[in-house]
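Let me begin by presenting the structure, written as structure tokens, before commenting on it.
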Amino acid sequence: MSSKPRIFIDGEHGTTGLQIRQRLAGRTDIEVLSIPEAERRNPDFRNRLLNEADIAILCLPDDASREAVAMLAAAGNETTRIIDTSTAHRTADGWVFGFAELTRGQREAIARARHVSNPGCY
């Protein structure tokens, strides 16, 4: 990771994406990657940002979240950490459920995980 982690909010203009973007606004310890308005429907631009990010936060419908994960896999990307706010991966194998109080050691599992599924209505 570079000195400033690069965060890409895929779906940043939807309800959840806007809320996350607002929470990250003004932070100087991260770099938020964003798709310019003219490129929002360009899958190549989206793919590029997904693969450039240190952390991708997926604020998408289930099918689009699955597609984003597939884009990373197709590129052979094994470094971008993914936080998925959809239900697509909530109980999927290889994903850690992002509810720190769920079990002993869950917080540590989340910190180590490359794939974290959001617990839902947060």
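All residue names refer to the structure tokens as shown: chains lettered A, B, ... in order, residues numbered from 1 in each chain, ligands numbered from 1 in order.
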
May I have the residues within 10 Å of Ala64 in chain A as a PyMOL selection string, using only C-alpha atoms and disregarding those fewer than 4 positions away in the same chain?
-> chain A and resi 10-11+58-60+68-70+86+88

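Take the candidates A:Ala111, A:Val32, A:Ile57, A:Ala74 and check each one against Pro5 in chain A using only C-alpha atoms; the shortest distance goes to A:Val32.
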
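Each of A:Arg112, A:Arg48, A:Arg104, A:Arg6 was checked against Asp29 in chain A using only C-alpha atoms; the smallest atom-to-atom distance is that of A:Arg6.
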
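Backbone DSSP of range 14-66 of chain A yields strand (DSSP E) at Glu31, Val32, Leu33, Ile55, Ala56, Ile57 and Leu58 of chain A.
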
Write out the residues from the selection above, keeping N, CA and C atoms, as a short mmCIF file (atom, residue, chain, number, x, y, z; two decimals), in the first residue's frame.
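Saved to again38.cif:
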data_model
loop_
_atom_site.label_atom_id
_atom_site.label_comp_id
_atom_site.auth_asym_id
_atom_site.auth_seq_id
_atom_site.Cartn_x
_atom_site.Cartn_y
_atom_site.Cartn_z
N GLU A 31 -6.73 8.57 0.07
CA GLU A 31 -7.03 9.15 -1.23
C GLU A 31 -8.27 8.44 -1.76
N VAL A 32 -9.33 9.20 -2.01
CA VAL A 32 -10.56 8.61 -2.54
C VAL A 32 -10.53 8.70 -4.06
N LEU A 33 -10.61 7.55 -4.70
CA LEU A 33 -10.65 7.49 -6.16
C LEU A 33 -12.09 7.63 -6.61
N ILE A 55 -8.43 -0.42 -1.28
CA ILE A 55 -9.70 -0.88 -0.70
C ILE A 55 -10.83 -0.45 -1.63
N ALA A 56 -11.68 -1.39 -2.02
CA ALA A 56 -12.86 -1.08 -2.81
C ALA A 56 -14.09 -1.32 -1.94
N ILE A 57 -14.92 -0.30 -1.82
CA ILE A 57 -16.17 -0.42 -1.07
C ILE A 57 -17.28 -0.51 -2.11
N LEU A 58 -17.94 -1.66 -2.15
CA LEU A 58 -18.97 -1.90 -3.15
C LEU A 58 -20.32 -1.48 -2.60
#

Would you mind telling me which residue in A:Thr91, A:Thr16, A:Ser34, A:Thr85 lies nearest to Leu50 in chain A when using only C-alpha atoms?
-> A:Ser34

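Comparing the minimum interatomic distances between Gly94 in chain A and each of A:Asn42, A:Gln106, A:Thr80, A:Ser117, counting only C-alpha atoms, we find that A:Ser117 sits nearest.
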